[in-house]
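This is query05.cif. It holds mmCIF, C-alpha atoms.
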```cif
data_entry
loop_
_atom_site.label_atom_id
_atom_site.label_comp_id
_atom_site.auth_asym_id
_atom_site.auth_seq_id
_atom_site.Cartn_x
_atom_site.Cartn_y
_atom_site.Cartn_z
CA MET A 1 -22.77 -15.90 -15.31
CA PRO A 2 -23.80 -15.49 -11.69
CA ALA A 3 -27.44 -14.61 -11.05
CA ASP A 4 -26.41 -11.17 -9.79
CA GLY A 5 -24.70 -10.29 -13.08
CA GLY A 6 -21.14 -10.70 -11.84
CA ALA A 7 -17.90 -9.56 -13.41
CA PRO A 8 -17.66 -10.60 -17.05
CA GLY A 9 -15.42 -13.53 -17.76
CA VAL A 10 -15.69 -15.22 -14.38
CA ALA A 11 -15.07 -18.86 -15.06
CA ALA A 12 -18.05 -21.12 -14.60
CA ALA A 13 -15.60 -23.92 -13.84
CA PRO A 14 -16.67 -26.24 -11.04
CA ALA A 15 -15.16 -25.61 -7.64
CA SER A 16 -11.66 -26.99 -7.24
CA TRP A 17 -9.13 -27.74 -4.53
CA SER A 18 -5.44 -27.71 -5.44
CA HIS A 19 -4.77 -30.90 -3.49
CA GLY A 20 -7.54 -33.29 -4.55
CA ALA A 21 -11.25 -33.92 -4.38
CA LEU A 22 -13.34 -31.95 -1.92
CA PRO A 23 -14.68 -33.89 1.08
CA ASP A 24 -18.19 -35.28 0.48
CA ASN A 25 -19.87 -32.88 2.91
CA VAL A 26 -18.28 -29.77 1.38
CA LYS A 27 -20.36 -27.87 -1.17
CA ALA A 28 -18.73 -25.12 -3.23
CA GLY A 29 -20.15 -23.09 -6.12
CA PRO A 30 -18.72 -22.61 -9.61
CA GLY A 31 -15.66 -20.43 -10.00
CA THR A 32 -14.53 -21.12 -6.43
CA ALA A 33 -10.86 -22.09 -6.01
CA ILE A 34 -9.41 -23.54 -2.80
CA SER A 35 -5.64 -23.89 -2.49
CA GLY A 36 -3.23 -25.20 0.11
CA ASP A 37 -2.58 -28.65 1.56
CA VAL A 38 -3.76 -27.52 5.02
CA ALA A 39 -7.35 -26.76 3.93
CA PHE A 40 -9.01 -29.88 5.32
CA LYS A 41 -6.37 -31.36 7.66
CA ARG A 42 -8.56 -30.46 10.63
CA PHE A 43 -11.96 -30.65 8.94
CA ARG A 44 -13.91 -33.18 11.03
CA SER A 45 -17.50 -32.03 10.55
CA ARG A 46 -20.04 -34.83 10.33
CA LYS A 47 -22.79 -32.48 9.27
CA ALA A 48 -24.12 -32.77 5.75
CA PRO A 49 -23.07 -30.31 4.62
CA GLY A 50 -20.39 -29.16 7.06
CA LEU A 51 -19.02 -26.44 4.79
CA VAL A 52 -20.88 -24.45 2.14
CA ILE A 53 -18.99 -21.99 -0.06
CA GLY A 54 -20.73 -19.89 -2.72
CA ALA A 55 -19.54 -19.03 -6.22
CA ASN A 56 -16.34 -17.27 -7.32
CA CYS A 57 -14.59 -17.46 -3.96
CA THR A 58 -10.82 -17.61 -3.53
CA MET A 59 -9.62 -19.55 -0.46
CA ASP A 60 -5.81 -19.46 -0.42
CA GLY A 61 -4.17 -21.46 2.37
CA VAL A 62 -7.30 -21.31 4.54
CA GLN A 63 -7.58 -23.85 7.38
CA PHE A 64 -11.14 -25.11 7.79
CA ALA A 65 -10.75 -26.47 11.32
CA VAL A 66 -14.34 -27.60 11.85
CA GLY A 67 -15.46 -29.89 14.67
CA GLU A 68 -17.95 -32.76 14.36
CA ASN A 69 -20.99 -30.54 14.87
CA GLY A 70 -19.64 -27.47 13.11
CA LEU A 71 -21.12 -25.74 10.06
CA VAL A 72 -19.32 -23.02 8.10
CA GLU A 73 -21.32 -21.05 5.51
CA ILE A 74 -19.58 -18.61 3.14
CA GLY A 75 -21.26 -16.47 0.46
CA ASP A 76 -20.07 -15.47 -3.02
CA TYR A 77 -16.93 -13.56 -4.11
CA CYS A 78 -15.10 -14.01 -0.81
CA TYR A 79 -11.30 -13.79 -0.72
CA PHE A 80 -9.51 -15.33 2.29
CA THR A 81 -5.73 -15.66 2.59
CA ASN A 82 -4.24 -18.06 5.16
CA ALA A 83 -7.14 -17.46 7.54
CA VAL A 84 -7.84 -19.99 10.31
CA LEU A 85 -11.55 -20.76 10.73
CA LEU A 86 -12.13 -22.61 14.03
CA CYS A 87 -15.72 -23.80 14.18
CA GLU A 88 -17.47 -26.08 16.67
CA LEU A 89 -20.96 -24.63 16.15
CA ALA A 90 -21.49 -22.17 13.27
CA LEU A 91 -19.71 -19.49 11.26
CA HIS A 92 -21.96 -17.53 8.91
CA ILE A 93 -19.98 -15.38 6.48
CA GLY A 94 -21.66 -13.21 3.82
CA SER A 95 -20.54 -12.24 0.31
CA TYR A 96 -17.67 -9.97 -0.81
CA VAL A 97 -15.85 -10.61 2.49
CA VAL A 98 -12.05 -10.34 2.54
CA ILE A 99 -10.03 -11.94 5.36
CA GLY A 100 -6.28 -11.34 5.61
CA TRP A 101 -3.29 -13.47 6.35
CA ASN A 102 -2.99 -15.22 9.74
CA THR A 103 -6.41 -14.06 10.95
CA THR A 104 -8.30 -16.39 13.29
CA ILE A 105 -12.07 -16.69 13.71
CA ALA A 106 -13.35 -18.92 16.54
CA ASP A 107 -16.92 -19.64 17.70
CA THR A 108 -15.87 -21.47 20.88
CA ASP A 109 -13.90 -21.03 24.11
CA PHE A 110 -12.30 -24.47 23.43
CA HIS A 111 -12.27 -25.29 27.18
CA PRO A 112 -14.40 -24.43 30.25
CA ILE A 113 -13.55 -21.37 32.32
CA ALA A 114 -13.85 -23.14 35.73
CA PRO A 115 -10.52 -24.76 36.67
CA ALA A 116 -12.12 -27.97 38.02
CA LEU A 117 -14.03 -28.44 34.78
CA ARG A 118 -10.88 -27.64 32.86
CA ILE A 119 -9.08 -30.42 34.69
CA ALA A 120 -11.90 -32.78 33.70
CA ASP A 121 -11.53 -31.53 30.13
CA ALA A 122 -7.76 -32.04 30.17
CA VAL A 123 -8.33 -35.64 31.27
CA ALA A 124 -11.06 -36.20 28.66
CA CYS A 125 -8.74 -34.89 25.93
CA SER A 126 -5.79 -36.97 27.17
CA PRO A 127 -4.76 -40.34 25.74
CA LEU A 128 -5.62 -41.64 29.23
CA GLY A 129 -9.14 -40.19 29.02
CA GLN A 130 -10.45 -43.34 27.36
CA GLY A 131 -13.15 -41.45 25.51
CA ARG A 132 -14.88 -40.03 28.57
CA PRO A 133 -17.15 -37.08 27.66
CA ARG A 134 -15.88 -33.51 27.77
CA PRO A 135 -17.65 -30.97 30.04
CA PRO A 136 -19.89 -28.29 28.45
CA ILE A 137 -17.95 -25.56 26.64
CA LEU A 138 -19.30 -22.14 25.68
CA GLN A 139 -19.95 -21.87 21.96
CA ARG A 140 -21.71 -19.03 20.15
CA ALA A 141 -22.06 -18.59 16.41
CA VAL A 142 -20.06 -15.91 14.62
CA VAL A 143 -21.69 -13.83 11.89
CA ILE A 144 -19.70 -11.77 9.38
CA GLU A 145 -22.06 -9.78 7.15
CA ASP A 146 -21.57 -8.78 3.50
CA ASP A 147 -18.71 -6.54 2.33
CA VAL A 148 -16.66 -6.82 5.53
CA TRP A 149 -12.87 -6.43 5.23
CA ILE A 150 -10.73 -8.07 7.94
CA GLY A 151 -7.02 -7.33 7.87
CA PRO A 152 -4.11 -9.67 8.62
CA ASN A 153 -3.29 -10.87 12.18
CA ALA A 154 -6.82 -10.09 13.40
CA THR A 155 -8.88 -12.24 15.78
CA ILE A 156 -12.68 -12.59 15.87
CA LEU A 157 -14.06 -14.35 18.94
CA LYS A 158 -17.28 -16.26 19.66
CA GLY A 159 -20.69 -14.63 19.49
CA VAL A 160 -19.50 -11.65 17.49
CA ARG A 161 -21.58 -10.22 14.64
CA ILE A 162 -19.71 -7.86 12.35
CA GLY A 163 -22.08 -5.52 10.55
CA ALA A 164 -22.10 -5.14 6.77
CA GLY A 165 -19.34 -3.09 5.18
CA SER A 166 -17.18 -2.82 8.31
CA PHE A 167 -13.41 -2.48 8.05
CA ILE A 168 -11.43 -4.39 10.69
CA GLU A 169 -7.87 -3.07 10.90
CA PRO A 170 -4.89 -5.48 10.95
CA GLY A 171 -4.23 -7.01 14.37
CA ALA A 172 -7.61 -6.09 15.86
CA LEU A 173 -9.03 -8.50 18.48
CA VAL A 174 -12.82 -8.33 18.25
CA THR A 175 -14.74 -9.53 21.32
CA LYS A 176 -18.05 -7.66 20.84
CA SER A 177 -20.45 -7.17 17.95
CA ILE A 178 -19.70 -4.32 15.57
CA PRO A 179 -22.36 -2.10 13.93
CA PRO A 180 -22.43 -1.90 10.11
CA ARG A 181 -19.91 0.34 8.30
CA SER A 182 -17.59 0.68 11.30
CA ARG A 183 -13.84 1.12 11.22
CA VAL A 184 -12.39 -0.98 14.02
CA ILE A 185 -8.92 -1.10 15.61
CA GLY A 186 -7.25 -2.32 18.79
CA ASN A 187 -7.08 -5.00 21.44
CA PRO A 188 -9.76 -5.12 22.66
CA ALA A 189 -11.17 -3.74 19.43
CA GLU A 190 -13.03 -0.42 19.49
CA VAL A 191 -14.99 1.37 16.82
CA ALA A 192 -12.71 4.19 15.64
CA GLY A 193 -15.01 5.67 13.01
CA ARG A 194 -17.38 5.05 10.14
CA VAL A 195 -16.62 4.00 6.59
CA MET B 196 23.35 -19.20 -24.07
CA THR B 197 21.87 -16.49 -26.20
CA GLY B 198 21.47 -13.72 -23.66
CA MET B 199 19.03 -15.62 -21.43
CA ALA B 200 20.38 -15.92 -17.91
CA ALA B 201 19.82 -19.28 -16.25
CA ASP B 202 17.12 -19.43 -13.58
CA ARG B 203 18.64 -18.60 -10.22
CA THR B 204 17.95 -21.06 -7.42
CA LEU B 205 19.14 -21.48 -3.83
CA PRO B 206 21.24 -24.63 -3.31
CA TRP B 207 19.75 -25.27 0.17
CA ASP B 208 16.14 -24.62 -0.85
CA TRP B 209 13.40 -27.17 0.03
CA TYR B 210 11.05 -25.35 -2.36
CA ARG B 211 11.60 -25.78 -6.08
CA GLY B 212 11.31 -22.11 -6.93
CA THR B 213 13.50 -19.53 -8.58
CA ILE B 214 14.64 -16.06 -7.66
CA PRO B 215 12.72 -13.52 -9.79
CA VAL B 216 14.96 -11.61 -12.24
CA ASN B 217 14.23 -8.23 -10.63
CA VAL B 218 15.35 -9.42 -7.18
CA THR B 219 18.92 -8.59 -6.14
CA ILE B 220 20.48 -10.57 -3.29
CA ALA B 221 23.93 -9.61 -2.02
CA GLU B 222 26.44 -12.43 -2.15
CA SER B 223 26.85 -12.34 1.63
CA ALA B 224 23.08 -12.32 2.31
CA TYR B 225 21.09 -15.42 3.26
CA VAL B 226 17.65 -16.12 1.83
CA GLU B 227 16.27 -19.34 3.28
CA THR B 228 13.79 -20.20 0.55
CA THR B 229 12.36 -18.98 -2.75
CA PHE B 230 8.93 -19.83 -1.31
CA SER B 231 9.16 -16.26 0.00
CA PHE B 232 8.50 -15.10 -3.59
CA LEU B 233 5.29 -17.12 -4.12
CA LEU B 234 3.17 -13.93 -4.11
CA PHE B 235 5.78 -11.72 -5.77
CA ARG B 236 4.58 -10.03 -8.96
CA SER B 237 6.38 -6.68 -9.08
CA GLU B 238 7.27 -5.27 -12.48
CA ARG B 239 9.77 -2.73 -11.16
CA ALA B 240 13.41 -3.17 -12.18
CA ASP B 241 14.66 -2.99 -8.57
CA ALA B 242 11.70 -4.75 -6.98
CA VAL B 243 13.54 -6.41 -4.08
CA THR B 244 17.07 -5.67 -2.88
CA ILE B 245 18.60 -7.64 -0.02
CA GLY B 246 21.78 -6.10 1.35
CA GLU B 247 25.13 -7.40 2.54
CA GLY B 248 24.88 -9.78 5.49
CA ALA B 249 21.09 -9.53 5.63
CA SER B 250 18.94 -12.62 6.11
CA THR B 251 15.32 -13.57 5.42
CA TYR B 252 14.00 -16.75 6.98
CA LEU B 253 11.11 -19.12 6.38
CA GLY B 254 7.73 -17.44 6.67
CA THR B 255 8.91 -14.22 5.12
CA MET B 256 6.61 -13.47 2.19
CA PHE B 257 7.30 -10.81 -0.38
CA ASP B 258 3.67 -10.04 -1.28
CA VAL B 259 4.82 -7.34 -3.70
CA GLY B 260 2.39 -5.92 -6.27
CA ARG B 261 3.18 -4.61 -9.74
CA GLN B 262 4.51 -1.26 -8.55
CA GLY B 263 5.82 -2.49 -5.20
CA ARG B 264 9.42 -2.37 -4.01
CA VAL B 265 11.11 -3.77 -0.91
CA THR B 266 14.59 -2.83 0.24
CA VAL B 267 16.29 -4.82 3.00
CA GLY B 268 19.40 -3.14 4.38
CA ALA B 269 22.74 -4.58 5.40
CA TYR B 270 22.70 -7.01 8.36
CA ALA B 271 18.93 -6.70 8.64
CA LEU B 272 17.24 -9.82 10.02
CA VAL B 273 13.77 -10.65 8.71
CA HIS B 274 12.43 -13.66 10.56
CA GLY B 275 9.09 -14.38 8.93
CA ALA B 276 7.36 -11.12 8.03
CA ARG B 277 4.49 -10.65 5.62
CA ILE B 278 5.65 -7.71 3.49
CA ILE B 279 2.75 -6.22 1.52
CA SER B 280 4.01 -3.60 -0.91
CA GLU B 281 2.47 -1.55 -3.69
CA ALA B 282 5.01 1.30 -3.39
CA ASP B 283 7.99 1.16 -1.02
CA VAL B 284 8.78 -0.82 2.09
CA THR B 285 12.27 0.04 3.32
CA ILE B 286 13.98 -1.93 6.07
CA GLU B 287 17.16 -0.09 6.98
CA ASP B 288 20.50 -1.55 8.07
CA TYR B 289 20.62 -3.69 11.26
CA ALA B 290 16.84 -3.69 11.70
CA LEU B 291 15.36 -6.80 13.38
CA ILE B 292 11.91 -8.00 12.27
CA SER B 293 10.40 -10.85 14.28
CA TRP B 294 7.99 -13.59 13.20
CA ASN B 295 4.41 -13.07 11.97
CA VAL B 296 5.01 -9.34 11.57
CA VAL B 297 2.97 -7.55 8.92
CA LEU B 298 4.60 -4.62 7.12
CA MET B 299 2.15 -3.05 4.67
CA ASP B 300 2.34 0.10 2.55
CA SER B 301 -1.17 -0.33 1.13
CA TYR B 302 -4.58 -1.60 2.20
CA ARG B 303 -5.14 -2.35 -1.51
CA VAL B 304 -8.88 -1.71 -1.09
CA PRO B 305 -10.93 1.41 -0.32
CA PHE B 306 -12.51 1.90 3.11
CA ASP B 307 -15.87 2.59 1.46
CA PRO B 308 -17.64 -0.80 1.21
CA ASP B 309 -19.57 0.07 -1.95
CA THR B 310 -16.46 0.76 -4.03
CA ARG B 311 -14.62 -2.06 -2.24
CA ARG B 312 -17.20 -4.55 -3.49
CA GLU B 313 -16.25 -3.73 -7.09
CA VAL B 314 -12.57 -4.41 -6.30
CA VAL B 315 -13.33 -7.69 -4.54
CA ARG B 316 -15.59 -8.78 -7.40
CA ARG B 317 -12.60 -8.71 -9.77
CA VAL B 318 -10.46 -11.14 -7.72
CA PRO B 319 -11.69 -14.35 -9.40
CA VAL B 320 -10.89 -13.03 -12.88
CA ALA B 321 -7.38 -11.83 -11.96
CA ARG B 322 -4.50 -14.12 -12.98
CA PRO B 323 -3.23 -14.97 -10.45
CA ARG B 324 -6.22 -14.34 -8.21
CA ARG B 325 -5.19 -11.23 -6.32
CA ILE B 326 -6.52 -7.81 -5.38
CA ASP B 327 -5.27 -5.15 -7.74
CA PRO B 328 -4.95 -2.02 -5.62
CA THR B 329 -7.24 0.95 -6.26
CA VAL B 330 -6.05 3.18 -3.41
CA PRO B 331 -2.81 5.17 -3.13
CA ALA B 332 -0.01 3.40 -1.30
CA ARG B 333 1.92 5.13 1.51
CA PRO B 334 5.54 4.01 1.94
CA VAL B 335 6.65 2.27 5.13
CA ARG B 336 10.10 2.69 6.64
CA ILE B 337 11.75 0.67 9.41
CA GLY B 338 14.69 2.75 10.61
CA ARG B 339 18.27 1.70 11.18
CA ALA B 340 18.65 -0.77 14.06
CA ALA B 341 14.95 -0.66 14.88
CA TRP B 342 13.42 -3.80 16.40
CA ILE B 343 9.89 -5.01 15.64
CA GLY B 344 8.43 -7.59 18.07
CA PHE B 345 6.52 -10.66 16.96
CA ASP B 346 2.92 -10.56 15.64
CA SER B 347 3.09 -6.77 15.21
CA CYS B 348 1.49 -4.88 12.33
CA ILE B 349 3.02 -1.76 10.81
CA LEU B 350 0.26 0.06 8.91
CA PRO B 351 0.56 2.06 5.66
CA GLY B 352 2.48 5.35 5.85
CA VAL B 353 4.25 4.57 9.13
CA SER B 354 7.91 5.42 9.69
CA ILE B 355 9.71 3.74 12.59
CA GLY B 356 12.65 5.83 13.73
CA GLU B 357 16.26 4.74 14.16
CA GLY B 358 16.84 2.47 17.15
CA ALA B 359 13.16 2.34 18.10
CA VAL B 360 11.58 -0.75 19.68
CA VAL B 361 8.06 -2.00 18.90
CA GLY B 362 6.76 -4.46 21.52
CA ALA B 363 5.26 -7.81 20.57
CA ARG B 364 1.71 -7.81 19.14
CA SER B 365 1.67 -4.06 18.65
CA VAL B 366 -0.31 -2.39 15.90
CA VAL B 367 1.47 0.78 14.82
CA ALA B 368 -0.67 3.34 12.99
CA ALA B 369 1.45 6.47 13.60
CA ASP B 370 5.13 7.33 13.20
CA VAL B 371 7.50 6.27 16.00
CA GLU B 372 10.24 8.69 17.04
CA PRO B 373 13.85 7.48 16.99
CA PHE B 374 15.12 5.68 20.13
CA THR B 375 11.60 5.24 21.51
CA ILE B 376 9.84 2.12 22.83
CA VAL B 377 6.21 1.70 21.82
CA ALA B 378 3.77 -1.13 22.59
CA GLY B 379 0.08 -1.94 22.49
CA ASN B 380 -2.77 -2.16 20.04
CA PRO B 381 -3.04 0.61 19.03
CA ALA B 382 0.59 1.30 19.98
CA ARG B 383 1.50 4.09 22.39
CA VAL B 384 4.82 5.34 23.70
CA VAL B 385 6.20 3.39 26.67
CA ARG B 386 9.34 5.47 27.09
CA ARG B 387 12.26 7.01 25.31
CA LEU B 388 15.60 5.20 25.53
CA THR B 389 17.94 6.81 28.05
CA ASP B 390 20.94 8.81 26.86
CA GLU B 391 23.13 6.00 28.19
CA GLU B 392 21.22 3.36 26.21
CA ILE B 393 21.47 5.49 23.09
CA ALA B 394 25.19 6.12 23.64
CA HIS B 395 25.84 2.40 23.82
CA GLY B 396 24.24 2.08 20.44
CA CYS B 397 25.59 2.18 16.96
#
```

Let me see the structure of the file written as structure tokens.
Amino acid sequence: MPADGGAPGVAAAPASWSHGALPDNVKAGPGTAISGDVAFKRFRSRKAPGLVIGANCTMDGVQFAVGENGLVEIGDYCYFTNAVLLCELALHIGSYVVIGWNTTIADTDFHPIAPALRIADAVACSPLGQGRPRPPILQRAVVIEDDVWIGPNATILKGVRIGAGSFIEPGALVTKSIPPRSRVIGNPAEVAGRV
Amino acid sequence: MTGMAADRTLPWDWYRGTIPVNVTIAESAYVETTFSFLLFRSERADAVTIGEGASTYLGTMFDVGRQGRVTVGAYALVHGARIISEADVTIEDYALISWNVVLMDSYRVPFDPDTRREVVRRVPVARPRRIDPTVPARPVRIGRAAWIGFDSCILPGVSIGEGAVVGARSVVAADVEPFTIVAGNPARVVRRLTDEEIAHGC
């Protein structure tokens, strides 16, 4: 039984992944189930831990694409379906958060905005780059507070904090922080009302 | 055989699934894979009907709840849509649905976060783990010969008129008149088809 007196009958089974043992630096609480062969294909975090998931979460087909220095933290009772979590720095996700199919959350710009630096980055990433260092790239942590619902096909970009209880409509592209209990729609996303 | 029909499979299928008993596929229709029914759990007798000459390709997912129903008309082309149904999603004849499109007749959860928490809390005890809807569904209709561009979302209650066009990456929250082009997120009218364009139609 979870400390907060959760739904009766929630299995206290240890966390499981449908395709094998969890990576060593992944911590997941009891009752959490991860499914899908893509879950850790791009999980390269060297942090210990690099991914922390609470209890009673359901992660169906989620891609944890976490870079070497990335840390993803997820609370309890979250339900994500085929979401793509791109993390080079930090994603902090609360409890009771739902994320829909094909939604992407990213805490990084991936490449510099200046073309000359981008050329340097293209070379560094190339097989001919011979391991030369990449230029600095903007990264800002993403925070999704408790009880947020994010629909399918949505996008949440770096530095965004989504306030508790907010409802992000399908397809919304969120570039700025959202106050709690907001209903959000559009590209770029706008607050359309309160929930 | 004592009244039990054999499991129906697709001879070309890469996925070792079966066609649910309450799914009807016309003989001339093409369904690429039974993987499309991974999330299917409707208990309605006519839960999914796929019409003559219609096709559903890889990526199409019939995420159909207990009371959901999806009807795909004749010659309709569904190229990888996520169809979320708790009531009725109707794709009429000759409609074209592009990839990564979301058609949904229900949000499944309330907007109010306090009551939503109670719904989300029940997911780990559901078998399979799913959200059981607690809000009324509002049917979605894609009209005859309408065309939905890739990555678009059609929200609950929306009706897309005959011959209408929805541009790529649109999010459609309101009805679209027949023979009208809409685009954007949220979608707005771009223009109405000309009389000549309409006359060339079906």

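The residues returned by the PyMOL selection byres ((chain A and resi 50) around 9) on the shown structure are Asn25, Val26, Lys27, Phe43, Arg44, Ser45, Arg46, Lys47, Ala48, Pro49, Leu51, Val52, Val66, Glu68, Asn69, Gly70, Leu71, Val72 and Glu73 of chain A.
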
field: Contacts of B:Val216 at 12 Å (all atoms listed in the file; same-chain gap of 6+ positions) as number ranges by chain
entry: B: 199-204, 232, 235-244

Could you give me, as a tab-separated table, every chain B residue with an atom at most 10 Å from chain A, plus its closest atom pair and distance in Å to one decimal, counting all atoms listed in the file, rows ordered by chain then number?
```
residue	atom	partner	partner_atom	distance
B:Arg277	CA	A:Trp101	CA	8.3
B:Asn295	CA	A:Asn153	CA	8.0
B:Val296	CA	A:Asn153	CA	8.5
B:Val297	CA	A:Pro152	CA	7.4
B:Met299	CA	A:Pro170	CA	9.7
B:Tyr302	CA	A:Gly151	CA	8.4
B:Val304	CA	A:Trp149	CA	8.8
B:Pro305	CA	A:Val195	CA	9.3
B:Phe306	CA	A:Val195	CA	5.8
B:Asp307	CA	A:Val195	CA	5.4
B:Pro308	CA	A:Gly165	CA	4.9
B:Asp309	CA	A:Gly165	CA	7.8
B:Thr310	CA	A:Asp147	CA	9.9
B:Arg311	CA	A:Asp147	CA	7.6
B:Arg312	CA	A:Tyr96	CA	6.1
B:Glu313	CA	A:Ala7	CA	8.8
B:Val314	CA	A:Tyr96	CA	9.3
B:Val315	CA	A:Tyr96	CA	6.2
B:Arg316	CA	A:Tyr77	CA	6.0
B:Arg317	CA	A:Ala7	CA	6.5
B:Val318	CA	A:Tyr79	CA	7.5
B:Pro319	CA	A:Asn56	CA	5.9
B:Val320	CA	A:Val10	CA	5.5
B:Ala321	CA	A:Val10	CA	9.3
B:Arg324	CA	A:Thr58	CA	7.3
B:Arg325	CA	A:Tyr79	CA	8.7
B:Ile326	CA	A:Tyr79	CA	9.0
B:Asp346	CA	A:Asn153	CA	7.1
B:Ser347	CA	A:Gly171	CA	7.4
B:Cys348	CA	A:Gly171	CA	6.4
B:Ile349	CA	A:Pro170	CA	8.7
B:Leu350	CA	A:Pro170	CA	7.8
B:Arg364	CA	A:Gly171	CA	7.7
B:Ser365	CA	A:Gly171	CA	7.9
B:Val366	CA	A:Gly171	CA	6.2
B:Val367	CA	A:Gly171	CA	9.7
B:Ala368	CA	A:Ile185	CA	9.7
B:Gly379	CA	A:Asn187	CA	7.9
B:Asn380	CA	A:Gly186	CA	4.7
B:Pro381	CA	A:Gly186	CA	5.1
B:Ala382	CA	A:Gly186	CA	8.7
```

Once the PyMOL selection byres ((chain A and resi 93) around 7) has been applied to the shown file, what residues remain in the selection, as a PDB file with C-alpha atoms, keeping the file's coordinate frame?
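Below is the file that was written, out28.pdb:
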```
ATOM      1  CA  GLU A  73     -21.320 -21.050   5.510  1.00  0.00           C
ATOM      2  CA  ILE A  74     -19.580 -18.610   3.140  1.00  0.00           C
ATOM      3  CA  GLY A  75     -21.260 -16.470   0.460  1.00  0.00           C
ATOM      4  CA  LEU A  91     -19.710 -19.490  11.260  1.00  0.00           C
ATOM      5  CA  HIS A  92     -21.960 -17.530   8.910  1.00  0.00           C
ATOM      6  CA  GLY A  94     -21.660 -13.210   3.820  1.00  0.00           C
ATOM      7  CA  SER A  95     -20.540 -12.240   0.310  1.00  0.00           C
ATOM      8  CA  VAL A 143     -21.690 -13.830  11.890  1.00  0.00           C
ATOM      9  CA  ILE A 144     -19.700 -11.770   9.380  1.00  0.00           C
ATOM     10  CA  GLU A 145     -22.060  -9.780   7.150  1.00  0.00           C
TER      11      GLU A 145
END
```

message: Starting from the PyMOL selection byres ((chain B and resi 223) around 6), expand the selection into actual residues of this file and give them as JSON, numbers by chain.
response: {"B": [221, 222, 224, 247, 248]}

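Nearest to A:Pro179 of all the residues A:Ala124, A:Val160, A:Ala114, A:Leu89 is A:Val160, based on only C-alpha atoms.
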
- prompt: Could you work out how far atom CA of B:Gly356 lies from atom CA of B:Leu298, giving the answer in Å with one decimal?
  reply: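 It comes out at 14.8 Å.
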
message: Would you compute the distance between atom CA of B:Pro373 and atom CA of B:Arg336? Give it in Å to one decimal.
response: 12.0 Å

- prompt: Expressed in Å to a single decimal, how great is the separation between atom CA of B:Trp294 and atom CA of B:Val259?
  reply: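 According to the coordinates, atom CA of B:Trp294 and atom CA of B:Val259 are separated by 18.3 Å.
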
Once 4 Å is added on each side, what are the centre and the three edge lengths, in Å to one decimal, of the axis-aligned box enclosing the listed atoms of stretch 320-335 of chain B? Present them as lines of an AutoDock Vina configuration file.
```
center_x = -2.1
center_y = -4.9
center_z = -3.9
size_x = 25.5
size_y = 28.1
size_z = 26.1
```

- request: Using only C-alpha atoms, pick whichever of A:Pro180, A:Pro135, A:Gly61, A:Pro30 has the shortest atom-to-atom distance to A:Ile119.
  value: A:Pro135
